[in-house]
Every structure is written in structure tokens, then in C-alpha cells.
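> Below you'll find the structure I mean.
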Amino acid sequence: MKNFFTIAVFCIIIYMIGFVHNIKGEDYLKRDWINLYGFVQNVLDKEQIENFTLYKTSYDKIVSPREEVTDSEIEKKANNIELIQEYCVNKDTPMYYITSILPIYDEKVLPAGVKDYSKINQEKLHKKLENTAVSIIDLQQKKSILNIKQENLFYRTDHHWTIETCFAAFQEIIWHLEQDLNWGLDSQGKFTDLDSYKKIIYEKSFLGSYGVKVGEYYIGTDDFEIYIPKYKTDFIFEKYDANHEMTMQKKGDFFKTMMNEEILQDQGYYNKYNSFSNGGYIENRVINNNADNDKKVLLISHSYGRPLLQYLSLCFKEVRNLDPQEGRYNDDYFKYIDEYEPDLILIMNEFEGEITNEIVIQLN
Amino acid sequence: MKKHLKLSNAFLCVMSLYFYAYGEPKLVVLMIASIIFNYCIALLIDKLSRYRNVCLIVSVILNIGILFVCKYLGWSIEILNSIFVKKIPAFNMALPIGISFYTFQAMSYVIDVWKRVVPAQKNIINVGLYVSLFPQLVAGPIVRYTDIEKQIYKRSLSPEKWGSGIERFIIGFSKKVLLADSFSVIADKAFLMNSENSLGILFSWIGAIAYSLQIYYDFSGYSDMAIGLGKMLGFSFLENFNYPYMASSITDFWRRWHISLSQWFRDYVYIPLGGNRHGTKRMLVALGITWLSTGIWHGANVTFLLWGCIYGTLIILEKLYEIPQKIQAGAAWKIPYRLFVLIVIVLCWVIFRSENINLAIQYIATMLGISGMTENSGLEILYCLEFKWELLAGSVLCFPVIPWLRSHLKEKVSYVLLFLEFLLFVVSISYLIKGTYSPFIYFNF
């Protein structure tokens with residue numbers, strides 16, 4: 001009996017160590033514990049998570065405030081963007097720098113004492129770029145974006161745009177390009193008309209990259225919405241890995257080729273954002289068999305570009321999307337441009353107001 | 001000794017060594033060597049009465065020597081190299097976990113055998129069990145052989161004791177995960193800001209208080225877990241904390257804080273040096289040496305030395321001027337003196353936590369508003385609001401609230417308390433799973 005107690009103590013300790021160790025390594029085992037943790041944080045009225053790196057706004061969205069970037073750093077980033085611009089000018093290829101939309105529009109929405117410099121950083125960069133030949137599409141100032149309520153611009157539990165924002169960005173980009181280039185990108189106006197799309201909502205099904213850190217009961221989950229063209233479409237979608245090997249090819253209409261239906265239907269899988277562009281996070285190519293023109297576009301962007309690629313591909317013959325984040329597409333971008341010879345290059349490498357250096361580092 | 005207890009002791013000894021080897025796969029050899037050496041030397045002291053003093057001296061030199069090599073040699077070389085032109089090659093060694101604790105336990109066993117307080121242990125398994133017993137192995141309390149000797153031969157286990165052990169373990173675990181780790185976020189930020197010269201006066205106080213709470217709940221949490229696990233195995237370890245922030249004087253604080261360490265130094269350093277039986281001068285010397293040793297025991301850094309010196313000086317002053325007795329007699333000074341004691345404790349923790357003496361001085365200067373860094377960053381409100389419940393719970397639990405509740409609640413209501421403890425345990429596990437690596441502070445000592 002007494003030995004039983006001693007052995008039992010050890011068994012419990014070993015079981016607990018193993019239990020915590022296993023759970024820490026496996027996301028699916030962690031989920032319930034993270035949910036409990038998030039619930040407790042909610043009850044305790046916590047406004048920050050992840051050691052003061054993520055905050056809950058006054059309208060219950062999780063955001064990541066940014067540190068101030070020094071003037072010399074801004075100068076360097078502006079020079080780098082100009083460098084790409086010069087390369088494109090030499091190749092006679094129009095290039096546009098698309099600014100990011102900021103999730104924190106006013107410090108007042110943050111808990112008292114929290115500072116955010118994303119707006120200041122962005123303004124400083126844009127001021128620098130205004131004095132160069134770089135063409136900017138400033139989404140932040142576009143009417144379609146301004147019409148969206150600030151709290152609806154981004155998912156509450158994620159750092160990505162909502163589909164509403166993404167579609168508005170798509171509209172504004174196409175309208176801006178059409179005004180500059182006059183390529184007849186949407187001559188009938190149906191591609192950029194929201195009425196040409198059917199809305200599908202997967203209610204309370206999405207827990208984004210911020211939300212997974214605190215589970216379902218901190219600020220809840222997001223509805224996941226997608227817009228599907230009502231008109232007939234015909235695409236070829238290809239996904240490539242870091243070794244330039246094709247890992248997926250799909251042919252068919254918009255929904256069938258671009259979206260991963262399995263992810264959308266799986267109620268236990270929370271990262272619905274991965275359904276866009278079939279979760280391709282290195283290089284995606286889309287050929288539009290019904291295109292009104294033969295233009296080829298290279299979209300260099302972070303994961304924001306995945307749903308945007310889907311809509312842009314409606315207006316062009318071919319769109320390719322490269323993600324410059326570390327561990328994604330990290331090869332020579334100049335070489336890629338030389339080989340692909342796109343008619344248009346779109347660059348979107350600001351991340352929540354933080355101007356990343358990845359493409360430039362790779363270009364240099 | 002009954003056969004089942006022999007088996008139990010052997011099993012516990014092997015598993016404790018395995019537990020240590022899990023964290024220190026190479027340096028477990030050092031611990032085994034320490035067990036064998038101290039077992040043999042104690043037997044020699046017992047058998048060879050003519051050489052017993054020599055044996056003791058050899059034992060103390062070797063034990064302290066090993067501790068010195070592992071903990072202080074690299075630091076000493078650094079100091080010598082900064083003084084002299086001729087450079088000694090640097091010596092870097094990872095500090096074996098819990099070496100200060102198990103070395104002190106082993107030494108106390110040998111000294112107690114030499115003092116003839118206890119007979120030498122014939123069975124090496126029992127010495128091994130005493131030195132390596134896993135619940136208190138890495139961060140105390142420092143268990144004396146005299147306290148545990150009888151329990152090696154005879155200890156009782158019952159479902160009630162088991163239950164109370166589990167309860168104690170849960171309280172300690174929750175203290176560490178829910179309170180200490182939360183306070184560490186505030187304290188780490190404050191000390192980081194201090195090193196970046198951006199710490200304001202208000203946040204410096206919040207950070208210092210947070211660290212005072214962190215170290216208390218971290219260390220007392222570990223002690224609770226050790227005592228709880230000990231109970232579950234049938235052992236009764238002595239208490240290591242007794243609500244130290246309720247202390248009425250500095251002397252009283254050290255009767256309530258890390259009790260096992262204070263008593264160890266009292267019995268094996270202060271009293272052998274003469275204590276207070278040979279006049280004031282001798283007492284002052286004994287106190288000075290004891291407190292220097294206490295400071296340096298915590299680590300190889302001038303900050304620990306200074307921390308020990310300050311406490312030594314204050315305790316000497318309290319003894320010389322009989323301050324605690326005078327305060328007790330005059331009611332008007334009780335509360336102001338308690339406040340003074342608390343402030344001194346908080347300031348001393350700043351020295352203890354700082355990476356070096358310059359940063360400690362800078363931090364304290366900021367607290368006192370003489371560093372020029374008076375501008376507040378706005379983080380004060382954010383951190384206080386964010387941890388309001390933890391700060392509230394941490395402050396309240398510095399007082400004996402739980403024992404009071406237990407003694408005043410009826411049996412039915414105490415089940416509610418039990419349920420709350422279970423809830424705390426589950427929530428603590430969720431924090432543990434969510435959190436990053438956060439070792440106990442005293443693992444470094």
C-alpha cells in the first residue's frame with residue numbers, strides 16, 4: 001500500500017510531464033487548453049496577449065502595433081523601391097507600388113499607454129516616394145476603402161484584409177491602372193461590380209493567426225466570407241514550391257480552381273484563409289482562358305496577395321504571385337522578371353504599416 | 001527497517017537521480033560523487049575518532065571547493081584578470097542545477113555526524129536518498145539530515161496526507177504559473193527599460209514591487225510544491241516561508257524568508273564562529289561573515305555580495321540598538337518601521353535582480369528621483385491595469401488569508417475551496433501550455 005503511493009506519485013509526475021510536453025508540441029491537442037487560457041484572459045479583462053505584442057482594440061479586434069522606424073531606415077527603403085522602379089523603367093515595364101491599409105487608424109482604439117507608429121512610418125515613406133518616379137497606388141486614400149467601416153477592414157482574429165477590403169482594393173487597383181494604362185481591363189464593368197458576385201458566408205468558422213494564440217473564447221471567431229463570380233469563368237491554377245516544381249494544377253471555374261473547398265467545409269480547421277489560392281504561399285500562377293486581353297502581371301506581395309490574385313486574374317490573361325517572405329520565394333527577382341517578361345509589375349510589401357525589406361534584399 | 005520501506009527508499013533514490021539526470025545528464029556524476037564522498041567521510045568520522053577533525057576539515061574543503069569551482073572560479077578569474085596585467089585563462093562552466101542546495105545538505109549531514117547529533121548512516125542508499133530526494137533537490141528547502149533521519153526509517157502515508165500534499169502542490173504550482181510568471185513580465189520590462197535608460201520613476205517602483213512579488217511567489221511556490229510532493233511521499237519538510245512581507249523588522253524578515261537557508265547559516269556558520277556568546281565584537285564579526293556568505297551563496301556577482309552586506313549591516317544595527325524590541329514597546333513606530341522594512345526589502349531586491357552594480361545604482365536612483373529619469377512612459381497604467389487581478393491577489397496572499405479561511409470556514413464551504421483549488425490547477429496547466437520556458441529563479445542558485 002505504501003509503495004503504491006510512492007510509485008503513484010512518480011507515475012503522476014511522469015504522466016504530467018509527458019502530457020504537457022505532448023500538448024506543447026501538437027496544435028490539435030493544445031486547442032482546448034488554449035481555449036481555456038483565452039477564456040480566462042477574457043474573464044480577467046486582459047487587453048494584451050503574447051507578452052505585450054498583440055492588443056485588443058476597443059472594437060474587439062486583435063492588432064499588432066509597430067515600433068518607430070528611423071529616418072535613415074525609411075530613406076533606405078525608399079531608395080530600394082526606387083531601385084526596382086529604375087529596373088522596370090529600363091525594361092519598359094510599368095511598375096506600381098501599392099501601399100498597405102493600416103489596421104490601427106487611431107491610437108485611441110488601443111489600450112491606454114500603447115504606442116503605434118505604423119501611420120507615422122507609412123507617411124514618412126510616402127513623403128520620400130513622392131519625390132521619386134515611383135508610381136504609387138495609395139489604397140488608404142481610395143474611396144472604396146474609405147467607405148468600409150474601420151472595424152470591417154480586417155478580420156478580428158487575423159492580420160489579413162477581409163474579403164470586403166480585398167475586393168475594394170481589387171476595384172481600386174483596376175480602376176487606377178485603367179486610368180493610367182487604358183488597357184481595357186474591365187470594359188464591360190462586370191469584373192469590378194460587386195453585384196456580379198455571389199456572397200458565401202461560413203459563419204464563426206475562422207480563427208486567424210492572432211486568434212489561434214488565445215482560442216475561440218477571447219474575442220470569438222470570425223465569419224469567413226467569399227465572393228464568387230456569377231458569370232462564367234475558366235481558369236488554370238498552378239501552385240509551385242521553392243524548387244520551382246509544380247505541386248498542384250487545377251482547371252475549371254473560379255471556385256473550383258482557386259479555392260480549397262476541403263478547408264472551407266472542414267469545421268475543425270480554423271485557418272480558412274488557407275483556402276484562398278489553395279494555400280499556395282510561395283508561387284502561384286493563374287491563366288484566365290476567358291481573358292479579354294493578353295496581358296501578363298507579376299504580383300509580388302505577402303499573403304495579402306492570395307485572395308487579391310484571384311480577383312486580379314479575372315482582368316488579365318495571366319497573373320503570377322510571388323511571396324517574398326523569408327522561407328517563401330527567396331530567389332532572384334530580377335532574373336524572374338527577365339524570364340517571365342511581365343507587362344505589369346505590382347509590388348505590395350508593406351505589412352500592417354511595416355515596410356519589409358525582403359524583395360530588396362533579394363534584388364541586391 | 002521494514003522491507004517495503006527499504007524498497008521504497010531505493011526506488012526513490014534511483015528515481016531522484018534519474019530526475020536530476022534528465023536535466024543534467026553529465027553533471028549527475030558530480031552529485032553521485034558528492035553522495036559517495038560524504039557517505040564515506042561521515043563513516044570515517046564515526047569510526048576514526050582520532051582523525052575526526054581532519055576528516056571534517058577535508059570534507060568542508062572538498063565540498064566548498066567543488067562549489068567554488070562550479071560557481072565562483074570563473075568569476076574570481078575575471079576579477080583577478082581585471083586587477084593584474086598577467087592574464088589567467090578564462091574558465092567557463094555551466095552551473096550544475098541545485099549544486100548550492102545539495103552541497104549544503106551534504107555538508108550539514110557530515111557536520112551533524114561530527115557533532116554527534118546523528119550517527120553516521122550505514123546504508124549509502126539512505127544518504128543518496130537524503131541528498132538527491134527529488135522534490136526539494138533543485139531549489140530547496142535545504143533539508144537537514146537531523147530532520148529527515150527518522151523519516152527515512154519510518155514515515156506514514158495515508159490518503160489524507162496524500163490529499164493534503166496534492167493540495168499544497170497545487171497551491172505552489174498556481175503561485176508560480178499564475179502569479180510569479182505574471183509579475184516577471186512587469187519586472188523584466190522595468191529592468192530592461194533601466195538598462196536602456198528609459199525607465200521612469202513610477203514604473204521603476206512598479207517594477208521593483210513586481211519583482212519583490214515575483215521572487216516571493218516563485219520561490220515559495222517551489223517550496224510549496226516540494227513540501228506537497230514530500231507529503232505525498234510520506235516526508236514532512238520544514239516550512240521555508242512564513243509570510244515574509246509581514247515582517248516587523250529586518251531580523252524578523254530573515255526569520256520568515258528562506259527559513260532553511262537562514263537556519264543553516266545560523267547553525268553552521270554564525271554559531272560556530274561564536275554567535276552572540278563571546279561579546280559584541282565577536283558577534284559583529286560572526287554576523288559580518290555570515291551575511292557575506294549568505295550574499296555570495298546566491299551567486300557570483302558583486303550585486304549579491306552587496307545585497308548580503310546591506311542585510312548584514314541592517315541586522316547588526318537592529319541588534320546593537322535593539323530596534324525590534326524598542327519598536328515592539330512603542331506602538332507609534334510599529335507601522336512606520338514596518339513600512340521602512342518593506343521599502344528596504346524592495347530596494348534590496350532591486351540590487352539582487354540587477355545584472356551589475358551600476359545598473360542597480362541607476363535603478364535605485366530612478367526610484368528615488370535622483371537619476372534625472374523622472375518622465376513616465378505611459379506604460380505604468382497599461383501594466384498595472386493588465387495585471388490588476390494578479391497584483392491584487394499577490395498583495396492579499398502576502399497575508400495568511402488561506403489559513404484564516406480554512407480555520408473559519410465550515411466543512412461544506414471548505415469543499416468549495418477545494419473545488420477552487422482544482423480550478424486553479426486546470427487554469428495553471430493552460431497557462432503552462434500557453435507560456436514559454438520560465439524556470440524558477442532559485443534554479444540559478
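Ordered as shown in the C-alpha cells, chains take letters A, B, and onward, while each chain numbers its residues from 1 and ligands are numbered from 1 in the order shown.
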Write down, as a list of chain:residue names, each residue of chain B that has any atom within 6 Å of an atom of chain A, counting only C-alpha atoms.

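Putting it all together, I get B:Ser8, B:Leu233, B:Gly378, B:Leu379, B:Leu382, B:Glu386, B:Ser430, B:Ile433.
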
> Which polymer residues have any atom within 10 Å of an atom of stretch 90-97 of chain A, counting only C-alpha atoms, with same-chain residues fewer than 5 positions away left out, as a PyMOL selection string?

chain A and resi 81-82+84-85+129+134-138+173+177+180-181+297-300+337-338+341-350

> For B:Ser354, please output as an mmCIF file with N, CA and C atoms, in the first residue's frame all residues within 12 Å (counting only C-alpha atoms; exclusion window: fewer than 6 positions along the same chain).


```cif
data_model
loop_
_atom_site.group_PDB
_atom_site.id
_atom_site.type_symbol
_atom_site.label_atom_id
_atom_site.label_comp_id
_atom_site.auth_asym_id
_atom_site.auth_seq_id
_atom_site.Cartn_x
_atom_site.Cartn_y
_atom_site.Cartn_z
ATOM 1 N N ALA B 187 8.349 43.006 -14.137
ATOM 2 C CA ALA B 187 9.712 43.227 -13.633
ATOM 3 C C ALA B 187 10.727 43.214 -14.781
ATOM 4 N N ASP B 188 10.605 42.237 -15.667
ATOM 5 C CA ASP B 188 11.556 42.146 -16.789
ATOM 6 C C ASP B 188 11.527 43.418 -17.627
ATOM 7 N N ALA B 190 10.642 46.446 -16.642
ATOM 8 C CA ALA B 190 11.223 47.565 -15.894
ATOM 9 C C ALA B 190 12.749 47.490 -15.909
ATOM 10 N N PHE B 191 13.286 46.294 -15.666
ATOM 11 C CA PHE B 191 14.751 46.178 -15.627
ATOM 12 C C PHE B 191 15.351 46.336 -17.024
ATOM 13 N N LEU B 192 14.607 45.934 -18.045
ATOM 14 C CA LEU B 192 15.071 46.147 -19.426
ATOM 15 C C LEU B 192 15.101 47.649 -19.734
ATOM 16 N N MET B 193 14.026 48.337 -19.340
ATOM 17 C CA MET B 193 13.969 49.791 -19.581
ATOM 18 C C MET B 193 15.090 50.492 -18.827
ATOM 19 N N ASN B 194 15.409 50.008 -17.643
ATOM 20 C CA ASN B 194 16.508 50.600 -16.879
ATOM 21 C C ASN B 194 17.825 50.475 -17.642
ATOM 22 N N SER B 195 18.036 49.285 -18.236
ATOM 23 C CA SER B 195 19.285 49.088 -18.981
ATOM 24 C C SER B 195 19.295 49.912 -20.274
ATOM 25 N N GLY B 207 7.947 48.165 -11.126
ATOM 26 C CA GLY B 207 8.836 47.044 -11.492
ATOM 27 C C GLY B 207 9.476 46.418 -10.267
ATOM 28 N N ALA B 208 9.928 47.268 -9.338
ATOM 29 C CA ALA B 208 10.597 46.756 -8.133
ATOM 30 C C ALA B 208 9.616 45.975 -7.259
ATOM 31 N N TYR B 211 8.907 42.687 -8.903
ATOM 32 C CA TYR B 211 9.975 41.706 -8.712
ATOM 33 C C TYR B 211 9.942 41.128 -7.292
ATOM 34 N N ASN B 301 28.411 37.335 -8.128
ATOM 35 C CA ASN B 301 28.186 38.684 -8.630
ATOM 36 C C ASN B 301 28.310 39.664 -7.465
ATOM 37 N N VAL B 302 28.872 40.821 -7.738
ATOM 38 C CA VAL B 302 29.045 41.826 -6.681
ATOM 39 C C VAL B 302 27.681 42.244 -6.127
ATOM 40 N N THR B 303 26.658 42.175 -6.975
ATOM 41 C CA THR B 303 25.314 42.577 -6.524
ATOM 42 C C THR B 303 24.859 41.714 -5.338
ATOM 43 N N PHE B 304 25.127 40.403 -5.406
ATOM 44 C CA PHE B 304 24.735 39.505 -4.310
ATOM 45 C C PHE B 304 25.530 39.813 -3.036
ATOM 46 N N LEU B 306 26.843 42.736 -2.244
ATOM 47 C CA LEU B 306 26.323 43.992 -1.691
ATOM 48 C C LEU B 306 24.998 43.762 -0.976
ATOM 49 N N TRP B 307 24.158 42.937 -1.618
ATOM 50 C CA TRP B 307 22.849 42.600 -1.045
ATOM 51 C C TRP B 307 23.028 41.970 0.346
ATOM 52 N N LEU B 347 14.051 47.646 -2.134
ATOM 53 C CA LEU B 347 15.290 48.211 -2.692
ATOM 54 C C LEU B 347 16.378 47.145 -2.791
ATOM 55 N N CYS B 348 16.435 46.297 -1.772
ATOM 56 C CA CYS B 348 17.437 45.222 -1.792
ATOM 57 C C CYS B 348 17.168 44.243 -2.937
ATOM 58 N N ALA B 360 22.162 48.604 -10.898
ATOM 59 C CA ALA B 360 21.419 48.628 -9.630
ATOM 60 C C ALA B 360 21.349 50.048 -9.075
ATOM 61 N N ILE B 361 22.503 50.724 -9.116
ATOM 62 C CA ILE B 361 22.546 52.112 -8.598
ATOM 63 C C ILE B 361 21.626 52.999 -9.450
ATOM 64 N N GLN B 362 21.722 52.811 -10.768
ATOM 65 C CA GLN B 362 20.893 53.626 -11.676
ATOM 66 C C GLN B 362 19.405 53.399 -11.407
ATOM 67 N N TYR B 363 19.038 52.119 -11.178
ATOM 68 C CA TYR B 363 17.623 51.793 -10.930
ATOM 69 C C TYR B 363 17.140 52.466 -9.644
ATOM 70 N N ILE B 364 17.955 52.308 -8.588
ATOM 71 C CA ILE B 364 17.540 52.880 -7.299
ATOM 72 C C ILE B 364 17.508 54.410 -7.376
#
```

> I'd like the contact shell of B:Ser212 - 9 Å cut-off, only C-alpha atoms, skipping same-chain residues fewer than 5 positions apart - returned as a list in words.

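Here the answer would be Phe183, Ala187, Gly207, Tyr217, Ile345, Val346, Trp349 and Val350 of chain B.
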
> Work out how far atom CA of B:Lys115 is from atom CA of B:Cys55, in Å to one decimal.

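Taking atom CA of B:Cys55 and atom CA of B:Lys115, their separation equals 12.5 Å.
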
> Please list as JSON, numbers by chain every residue within 12 Å of B:Ala247, counting only C-alpha atoms and excluding residues in the same chain fewer than 2 positions away.

{"B": [241, 242, 243, 244, 245, 249, 250, 251, 252, 253, 254, 255, 256, 257, 324, 334, 335, 337, 338, 339, 340, 341, 342, 343, 344, 345, 398, 399]}

> Output the selection as an mmCIF file, in the first residue's frame - N, CA and C atoms for each residue.


```cif
data_model
loop_
_atom_site.group_PDB
_atom_site.id
_atom_site.type_symbol
_atom_site.label_atom_id
_atom_site.label_comp_id
_atom_site.auth_asym_id
_atom_site.auth_seq_id
_atom_site.Cartn_x
_atom_site.Cartn_y
_atom_site.Cartn_z
ATOM 1 N N PHE B 241 8.929 29.395 4.260
ATOM 2 C CA PHE B 241 8.460 30.793 4.257
ATOM 3 C C PHE B 241 7.346 30.963 5.279
ATOM 4 N N ASN B 242 7.309 32.140 5.874
ATOM 5 C CA ASN B 242 6.229 32.424 6.805
ATOM 6 C C ASN B 242 5.793 33.886 6.621
ATOM 7 N N TYR B 243 5.146 34.140 5.506
ATOM 8 C CA TYR B 243 4.639 35.475 5.165
ATOM 9 C C TYR B 243 5.693 36.560 5.426
ATOM 10 N N PRO B 244 6.786 36.497 4.674
ATOM 11 C CA PRO B 244 7.930 37.394 4.974
ATOM 12 C C PRO B 244 7.616 38.877 4.850
ATOM 13 N N TYR B 245 6.677 39.242 3.947
ATOM 14 C CA TYR B 245 6.411 40.678 3.783
ATOM 15 C C TYR B 245 5.552 41.254 4.914
ATOM 16 N N SER B 249 10.501 43.639 11.337
ATOM 17 C CA SER B 249 11.869 44.183 11.314
ATOM 18 C C SER B 249 12.677 43.372 10.302
ATOM 19 N N ILE B 250 13.887 43.832 10.030
ATOM 20 C CA ILE B 250 14.753 43.096 9.086
ATOM 21 C C ILE B 250 15.090 41.724 9.671
ATOM 22 N N THR B 251 15.367 41.705 10.978
ATOM 23 C CA THR B 251 15.666 40.436 11.651
ATOM 24 C C THR B 251 14.473 39.491 11.501
ATOM 25 N N ASP B 252 13.287 40.040 11.687
ATOM 26 C CA ASP B 252 12.071 39.239 11.570
ATOM 27 C C ASP B 252 11.891 38.731 10.131
ATOM 28 N N PHE B 253 12.248 39.593 9.157
ATOM 29 C CA PHE B 253 12.133 39.190 7.750
ATOM 30 C C PHE B 253 12.942 37.925 7.503
ATOM 31 N N TRP B 254 14.162 37.907 8.044
ATOM 32 C CA TRP B 254 15.015 36.743 7.802
ATOM 33 C C TRP B 254 14.614 35.544 8.657
ATOM 34 N N ARG B 255 13.700 35.732 9.559
ATOM 35 C CA ARG B 255 13.127 34.558 10.250
ATOM 36 C C ARG B 255 11.989 33.980 9.429
ATOM 37 N N ARG B 256 11.513 34.779 8.460
ATOM 38 C CA ARG B 256 10.352 34.366 7.677
ATOM 39 C C ARG B 256 10.707 34.030 6.230
ATOM 40 N N TRP B 257 11.840 34.486 5.738
ATOM 41 C CA TRP B 257 12.228 34.307 4.340
ATOM 42 C C TRP B 257 13.284 33.209 4.233
ATOM 43 N N PRO B 324 14.157 46.116 17.143
ATOM 44 C CA PRO B 324 12.881 45.386 17.170
ATOM 45 C C PRO B 324 12.193 45.461 18.528
ATOM 46 N N LYS B 334 5.439 51.292 15.175
ATOM 47 C CA LYS B 334 5.266 49.956 14.583
ATOM 48 C C LYS B 334 5.017 50.025 13.081
ATOM 49 N N ILE B 335 3.996 50.791 12.694
ATOM 50 C CA ILE B 335 3.622 50.842 11.266
ATOM 51 C C ILE B 335 4.682 51.545 10.422
ATOM 52 N N TYR B 337 7.824 51.725 10.935
ATOM 53 C CA TYR B 337 9.007 50.868 10.817
ATOM 54 C C TYR B 337 8.752 49.683 9.883
ATOM 55 N N ARG B 338 7.534 49.156 9.947
ATOM 56 C CA ARG B 338 7.171 48.069 9.026
ATOM 57 C C ARG B 338 7.283 48.555 7.582
ATOM 58 N N LEU B 339 6.803 49.771 7.359
ATOM 59 C CA LEU B 339 6.877 50.351 6.008
ATOM 60 C C LEU B 339 8.327 50.523 5.581
ATOM 61 N N PHE B 340 9.143 51.016 6.523
ATOM 62 C CA PHE B 340 10.566 51.190 6.243
ATOM 63 C C PHE B 340 11.197 49.843 5.866
ATOM 64 N N VAL B 341 10.851 48.829 6.642
ATOM 65 C CA VAL B 341 11.387 47.488 6.383
ATOM 66 C C VAL B 341 10.983 47.026 4.978
ATOM 67 N N LEU B 342 9.725 47.235 4.629
ATOM 68 C CA LEU B 342 9.235 46.810 3.302
ATOM 69 C C LEU B 342 9.983 47.535 2.187
ATOM 70 N N ILE B 343 10.185 48.840 2.381
ATOM 71 C CA ILE B 343 10.896 49.625 1.355
ATOM 72 C C ILE B 343 12.339 49.129 1.211
ATOM 73 N N VAL B 344 12.976 48.867 2.349
ATOM 74 C CA VAL B 344 14.355 48.355 2.307
ATOM 75 C C VAL B 344 14.394 47.020 1.564
ATOM 76 N N ILE B 345 13.422 46.165 1.866
ATOM 77 C CA ILE B 345 13.381 44.848 1.210
ATOM 78 C C ILE B 345 13.248 45.026 -0.310
ATOM 79 N N CYS B 398 -0.044 37.814 0.385
ATOM 80 C CA CYS B 398 1.153 38.014 1.214
ATOM 81 C C CYS B 398 0.788 37.889 2.693
ATOM 82 N N PHE B 399 -0.503 37.933 2.962
ATOM 83 C CA PHE B 399 -1.005 37.775 4.330
ATOM 84 C C PHE B 399 -1.635 36.388 4.476
#
```

> Residues of stretch 83-302 of chain B in helix (DSSP H, G or I) according to DSSP, as a PyMOL selection string?

chain B and resi 83+99-114+124-132+134-136+145-153+159-195+201-232+244-246+250-256+259-270+279-297+302

> Calculated over only C-alpha atoms, which of the candidates B:Leu359, B:Ile296, B:Ala120, B:Ala365 has the smallest distance to B:Lys47?

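Residue with the minimum atom-to-atom distance to B:Lys47: B:Ala120.
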
> Nearest to B:Ser260: which of B:Asn63, B:Ser248, B:Ser108, B:Asn92 is it, counting only C-alpha atoms?

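When distances to B:Ser260 are compared using only C-alpha atoms, the smallest one comes from B:Ser108.
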
> Near B:Ala393, counting only C-alpha atoms, which residues have an atom at most 12 Å away, once you skip same-chain residues fewer than 2 positions from it, shown as a tab-separated table (two decimals) with C-alpha atoms, in the first residue's frame?


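Once everything was written out, this is out.tsv:
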```
chain	number	residue	atom	x	y	z
B	174	SER	CA	-0.50	28.06	-9.16
B	175	LYS	CA	1.65	30.59	-7.30
B	178	LEU	CA	-0.31	32.37	-12.35
B	179	LEU	CA	1.38	34.90	-10.11
B	180	ALA	CA	5.18	34.75	-10.32
B	182	SER	CA	2.86	37.35	-14.49
B	183	PHE	CA	4.91	39.57	-12.19
B	213	LEU	CA	6.25	39.69	-5.50
B	217	TYR	CA	5.73	33.60	-5.28
B	387	PHE	CA	-2.14	42.71	-14.18
B	388	LYS	CA	-4.63	44.26	-11.77
B	389	TRP	CA	-6.06	40.91	-10.63
B	390	GLU	CA	-2.64	39.34	-10.22
B	391	LEU	CA	-1.37	42.37	-8.28
B	395	SER	CA	-0.77	41.55	-2.40
B	396	VAL	CA	-3.62	39.89	-0.49
B	397	LEU	CA	-1.93	36.48	-0.42
B	398	CYS	CA	1.15	38.01	1.21
B	399	PHE	CA	-1.00	37.78	4.33
B	401	VAL	CA	-5.61	34.63	4.13
B	402	ILE	CA	-5.85	30.97	3.13
```

> Under the rule that only C-alpha atoms are counted, which of B:Thr146, B:Ser34, B:Ser428, B:Gln121 is the nearest residue to B:Phe169?

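Smallest separation from B:Phe169 among the options: B:Ser428.
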
> Just asking: which residues within stretch 224-253 of chain A are strand (DSSP E or B) according to DSSP, as an MDAnalysis selection string?

chainID A and resid 224:229 235:240 246:252

> One decimal, Å: what's the distance from atom CA of B:Ile209 over to atom CA of B:Ser223, could you say?

21.1 Å

> Show me, as a PyMOL selection string, the residues that have an atom within 10 Å of B:Leu67 when counting only C-alpha atoms, minus same-chain residues fewer than 5 positions from it.

chain B and resi 61-62+72-73+95-96+99-100+103-104+297

> Just checking: using only C-alpha atoms, which residue out of B:Ser49, B:Arg282, B:Leu44, B:Gly369 ends up closest to B:Gly200?

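Going through B:Ser49, B:Arg282, B:Leu44, B:Gly369 one by one, the smallest distance to B:Gly200 is for B:Gly369.
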
> Could you tell me how far atom CA of A:Leu308 lies from atom CA of A:Asp193, in Å and to one decimal?

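Atom CA of A:Asp193 lies at a distance of 15.1 Å from atom CA of A:Leu308.
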